[in-house]
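Visitor: The structure follows.
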Amino acid sequence: MLTSSQQQLLRVIGQSGPSSRTVLAASMGLSKAAMSGIARDLISLGVLRETETIYGQGRPSILLDLHPEGAFFVGISLIEEPAPLVLSDFNGNVVARRTMPLSRNPETIAEMIAEALPKLLCERKDAGRKLAGLGIALSGFVDEKQASCVQSTLLGWQDVPLASIVKHKTGIDTFIENDAKAVAVGEKLFGSAREMQNFSVVSFDNGIGCAHFVGGKLYRGNHGGAGEIAHCTIEPNGSPCRCGKRGCLDTVASLKAIKEMAKAEGLACRSLDELETEASRGNVMAIGILHRAGSALGLAIAHLIQFNDPGLILITHVEGRFDGLFGTVMRQAAEANVLPRCAGRTPIRTQRVDGDVWARGAASIAAHNFLIGPNPC
């Protein structure tokens with residue numbers, strides 16, 4: 001077990017990244033000698049390591065950072081079939097992978113996780129001994145304690161205490177989270193948004209997810225539903241949505257919706273890339289679909305900018321491209337639907353991610369709880 005001072009030092013580095021002893025001492029309100037003693041103990045435990053040397057005025061500074069093999073975390077995604085399991089190190093890198101069948105039965109899920117874990121952990125030396133937590137990403141609402149699934153249409157769940165069920169089977173501290181929020185935590189802890197205090201992540205796939213960091217903390221709202229732009233009404237009285245409403249963003253701008261619209265128009269396009277190719281050849285139907293979807297997504301992003309005034313909108317996508325008509329229309333719609341003084345002030349960045357993104361995000365949830373602790377609402 002780590003002492004409170006050791007945990008505090010890890011928390012500061014987890015939030016700010018590699019830092020010098022002088023900076024860390026100031027952040028913790030300690031003398032440099034006291035902080036250096038704590039750091040020395042963590043280095044001997046293999047949790048911290050010295051990295052690069054920074055030269056400037058005065059004596060050079062050696063940066064301290066988390067040791068990649070100081071702790072390991074397991075992440076599981078319940079939005080894919082089969083369900084992927086990943087083992088990540090202390091820097092968020094995936095070092096081992098397995099899969100298991102996807103089930104809607106919580107007890108069955110827990111049993112399969114318990115069965116798959118030894119096979120996953122044996123792929124990395126000392127991973128079992130240094131395993132510090134397990135995270136699960138799913139589609140739906142999760143309570144503020146990251147313990148229960150309040151509701152998931154995809155899994156057919158309501159008030160399922162999945163974290164305690166899995167911990168009972170595995171003996172490992174377990175945390176669950178909405179898939180988009182898990183991706184956002186991963187980007188804040190280990191990714192491109194590490195230094196951002198205020199940003200929004202839009203997860204573009206068969207469904208559209210969204211999550212926000214405000215003041216450096218994941219913003220959940222009072223009931224865990226903050227950021228659900230997928231079910232904002234974009235087209236009143238539009239197509240029916242799986243949530244029970246009509247005209248939701250998901251029914252117009254998600255990858256699944258785009259493919260369904262293409263199929264309905266008789267277009268033999270199995271991907272967004274193929275639809276972009278058809279549009280570039282002047283296919284009127286393809287152009288219309290991309291305009292409709294891009295305009296809807298851009299309008300939703302404009303709403304995010306007006307509501308939160310984030311420092312960054314990060315769009316993550318596994319499939320598809322944002323350098324064609326769809327992305328162009330999306331950006332134009334976002335700029336056209338914010339106040340003139342806000343136009344052009346919020347960067348909208350797109351990032352292609354691999355298929356590990358949700359499982360890796362789930363592992364980040366466990367890492368976040370180990371390093372920093374759960375976020376308040």
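Residues in the structure tokens are named by chain (A, B, ... in the order shown) and by number from 1 within that chain; ligands are numbered from 1 in the order shown.
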Skip stretch 232-237 of chain A itself and residues of its chain fewer than 4 positions away, then list as a PyMOL selection string all residues within 8 Å of it, counting only C-alpha atoms.
Guide: chain A and resi 228+246-249+296+300
Visitor: From a DSSP pass on the backbone, collect the residues of stretch 151-334 of chain A flagged as alpha helix (DSSP H) and hand them back as a PyMOL selection string.
Guide: chain A and resi 162-170+179-190+250-253+255-264+272-280+284-308+325-334
Visitor: Rounded to one decimal in Å, what is the spacing between atom CA of A:Ile208 and atom CA of A:Ala343?
Guide: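 The value is 23.3 Å.
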Visitor: Quick one: of A:Gly140, A:Gly171, A:Gly361, A:Pro84, who's nearest to A:Glu111, counting only C-alpha atoms?
Guide: A:Gly171
Visitor: When you count only C-alpha atoms, which of these residues is closest to A:Phe73: A:Asn105, A:Ser271, A:Ser364, A:Gln351?
Guide: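 Among the listed residues, A:Ser364 lies closest to A:Phe73.
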Visitor: Show me, as a VMD selection string, the residues that have an atom within 9 Å of A:Ala193 when counting only C-alpha atoms, minus same-chain residues fewer than 4 positions from it.
Guide: chain A and resid 184 186 to 189 197 199 312 314
Visitor: Give me, as number ranges by chain, all polymer residues having an atom no more than 10 Å from A:Leu24, counting only C-alpha atoms and skipping those fewer than 6 positions away in the same chain.
Guide: A: 9, 12-13, 16, 18, 30-32, 35-36, 39, 63-64
Visitor: Which residues are close to stretch 116-129 of chain A, i.e. within 9 Å by only C-alpha atoms, leaving aside same-chain residues fewer than 2 positions away? Reply as a compact mmCIF listing (two decimals) with N, CA and C atoms, in the first residue's frame.
Guide:
# COMPACT_ATOMS: atom_id res chain seq x y z
N GLU A 69 6.05 0.27 -16.31
CA GLU A 69 5.77 -1.03 -15.70
C GLU A 69 5.54 -0.94 -14.20
N ALA A 71 2.66 -0.14 -12.81
CA ALA A 71 1.33 -0.69 -12.53
C ALA A 71 0.69 -1.06 -13.86
N PHE A 72 -0.28 -1.98 -13.79
CA PHE A 72 -1.00 -2.40 -14.99
C PHE A 72 -2.50 -2.33 -14.73
N PHE A 73 -3.25 -2.16 -15.81
CA PHE A 73 -4.71 -2.02 -15.72
C PHE A 73 -5.37 -2.82 -16.84
N VAL A 74 -6.52 -3.39 -16.54
CA VAL A 74 -7.28 -4.15 -17.54
C VAL A 74 -8.47 -3.31 -17.99
N LEU A 85 -10.57 -7.40 -24.51
CA LEU A 85 -9.92 -7.13 -23.23
C LEU A 85 -8.50 -6.69 -23.54
N VAL A 86 -8.05 -5.62 -22.90
CA VAL A 86 -6.66 -5.18 -23.10
C VAL A 86 -6.00 -5.02 -21.75
N LEU A 87 -4.69 -5.18 -21.77
CA LEU A 87 -3.85 -4.90 -20.61
C LEU A 87 -3.02 -3.68 -20.95
N ASP A 89 -0.26 -0.49 -19.66
CA ASP A 89 0.74 -0.16 -18.66
C ASP A 89 0.43 1.19 -18.02
N VAL A 95 -0.42 -3.47 -23.93
CA VAL A 95 0.69 -4.42 -23.99
C VAL A 95 0.23 -5.86 -24.20
N ALA A 96 -1.09 -6.11 -24.10
CA ALA A 96 -1.61 -7.46 -24.35
C ALA A 96 -3.10 -7.34 -24.69
N ARG A 97 -3.60 -8.30 -25.47
CA ARG A 97 -5.00 -8.29 -25.90
C ARG A 97 -5.59 -9.69 -25.86
N ARG A 98 -6.87 -9.77 -25.56
CA ARG A 98 -7.65 -11.00 -25.67
C ARG A 98 -9.06 -10.61 -26.06
N THR A 99 -9.89 -11.56 -26.37
CA THR A 99 -11.32 -11.30 -26.60
C THR A 99 -12.14 -12.34 -25.85
N MET A 100 -13.41 -12.01 -25.64
CA MET A 100 -14.35 -12.95 -25.05
C MET A 100 -15.71 -12.72 -25.69
N GLU A 111 -18.17 -13.89 -15.00
CA GLU A 111 -17.52 -15.21 -15.06
C GLU A 111 -16.54 -15.29 -16.22
N MET A 112 -16.91 -14.73 -17.38
CA MET A 112 -16.02 -14.78 -18.54
C MET A 112 -14.79 -13.90 -18.32
N ILE A 113 -14.96 -12.76 -17.64
CA ILE A 113 -13.82 -11.91 -17.34
C ILE A 113 -12.86 -12.66 -16.42
N ALA A 114 -13.41 -13.29 -15.38
CA ALA A 114 -12.57 -14.04 -14.44
C ALA A 114 -11.82 -15.16 -15.14
N LEU A 131 -1.16 -5.63 -10.98
CA LEU A 131 -2.48 -5.23 -11.48
C LEU A 131 -3.16 -4.32 -10.46
N ALA A 132 -3.53 -3.12 -10.89
CA ALA A 132 -4.04 -2.12 -9.95
C ALA A 132 -5.51 -1.76 -10.17
N THR A 170 -13.71 -11.59 -9.49
CA THR A 170 -12.28 -11.47 -9.81
C THR A 170 -11.41 -11.06 -8.62
Visitor: Identify, on the basis of only C-alpha atoms, every residue whose closest approach to A:Arg11 does not exceed 10 Å; exclude the query and any residue fewer than 6 positions from it along the same chain; express the result as a CSV table (one decimal) with all heavy atoms, in the first residue's frame.
Guide:
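Final file, out.csv:
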chain,number,residue,atom,x,y,z
A,5,SER,N,1.2,10.5,1.0
A,5,SER,CA,2.1,11.4,0.4
A,5,SER,C,2.6,10.8,-1.0
A,5,SER,O,2.7,11.6,-2.0
A,5,SER,CB,3.3,11.7,1.2
A,5,SER,OG,3.0,12.4,2.4
A,17,GLY,N,1.7,15.6,-15.9
A,17,GLY,CA,2.7,15.0,-16.7
A,17,GLY,C,4.1,15.1,-16.1
A,17,GLY,O,4.3,15.5,-14.9
A,368,HIS,N,-7.2,6.1,-13.8
A,368,HIS,CA,-7.6,7.4,-13.3
A,368,HIS,C,-8.0,7.2,-11.8
A,368,HIS,O,-7.6,8.0,-11.0
A,368,HIS,CB,-8.8,7.9,-14.1
A,368,HIS,CG,-9.1,9.4,-13.8
A,368,HIS,ND1,-9.9,9.7,-12.7
A,368,HIS,CD2,-8.7,10.5,-14.4
A,368,HIS,CE1,-10.1,11.0,-12.7
A,368,HIS,NE2,-9.3,11.5,-13.7
A,369,ASN,N,-8.8,6.2,-11.5
A,369,ASN,CA,-9.2,6.0,-10.1
A,369,ASN,C,-8.0,5.6,-9.2
A,369,ASN,O,-7.9,6.0,-8.0
A,369,ASN,CB,-10.2,4.9,-10.0
A,369,ASN,CG,-11.6,5.3,-10.3
A,369,ASN,OD1,-12.3,5.8,-9.4
A,369,ASN,ND2,-12.0,5.3,-11.5
A,370,PHE,N,-7.0,4.9,-9.8
A,370,PHE,CA,-5.8,4.6,-9.0
A,370,PHE,C,-4.9,5.8,-8.7
A,370,PHE,O,-4.4,6.0,-7.6
A,370,PHE,CB,-5.0,3.5,-9.7
A,370,PHE,CG,-3.7,3.2,-9.1
A,370,PHE,CD1,-3.7,2.3,-8.0
A,370,PHE,CD2,-2.5,3.7,-9.5
A,370,PHE,CE1,-2.5,2.0,-7.4
A,370,PHE,CE2,-1.3,3.3,-8.9
A,370,PHE,CZ,-1.3,2.5,-7.8
A,371,LEU,N,-4.8,6.7,-9.8
A,371,LEU,CA,-3.9,7.8,-9.7
A,371,LEU,C,-4.6,9.0,-9.0
A,371,LEU,O,-4.0,9.7,-8.1
A,371,LEU,CB,-3.5,8.3,-11.1
A,371,LEU,CG,-2.4,7.5,-11.7
A,371,LEU,CD1,-2.2,7.9,-13.2
A,371,LEU,CD2,-1.1,7.7,-11.0
A,372,ILE,N,-5.8,9.3,-9.4
A,372,ILE,CA,-6.4,10.5,-9.0
A,372,ILE,C,-7.7,10.4,-8.1
A,372,ILE,O,-8.0,11.2,-7.3
A,372,ILE,CB,-6.8,11.3,-10.3
A,372,ILE,CG1,-5.5,11.6,-11.0
A,372,ILE,CG2,-7.5,12.6,-10.0
A,372,ILE,CD1,-5.7,12.1,-12.5
A,373,GLY,N,-8.3,9.2,-8.3
A,373,GLY,CA,-9.6,9.0,-7.6
A,373,GLY,C,-10.8,9.4,-8.4
A,373,GLY,O,-10.6,10.0,-9.5
Visitor: Mind giving me the straight-line distance from atom CA of A:Ala34 to atom CA of A:Gly70 in Å, one decimal?
Guide: 21.8 Å
Visitor: So, with only C-alpha atoms as the atoms that count, which of A:Val284, A:Cys269, A:Val142, A:Lys245 lies closest to A:Arg220?
Guide: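 Closest candidate: A:Val142.
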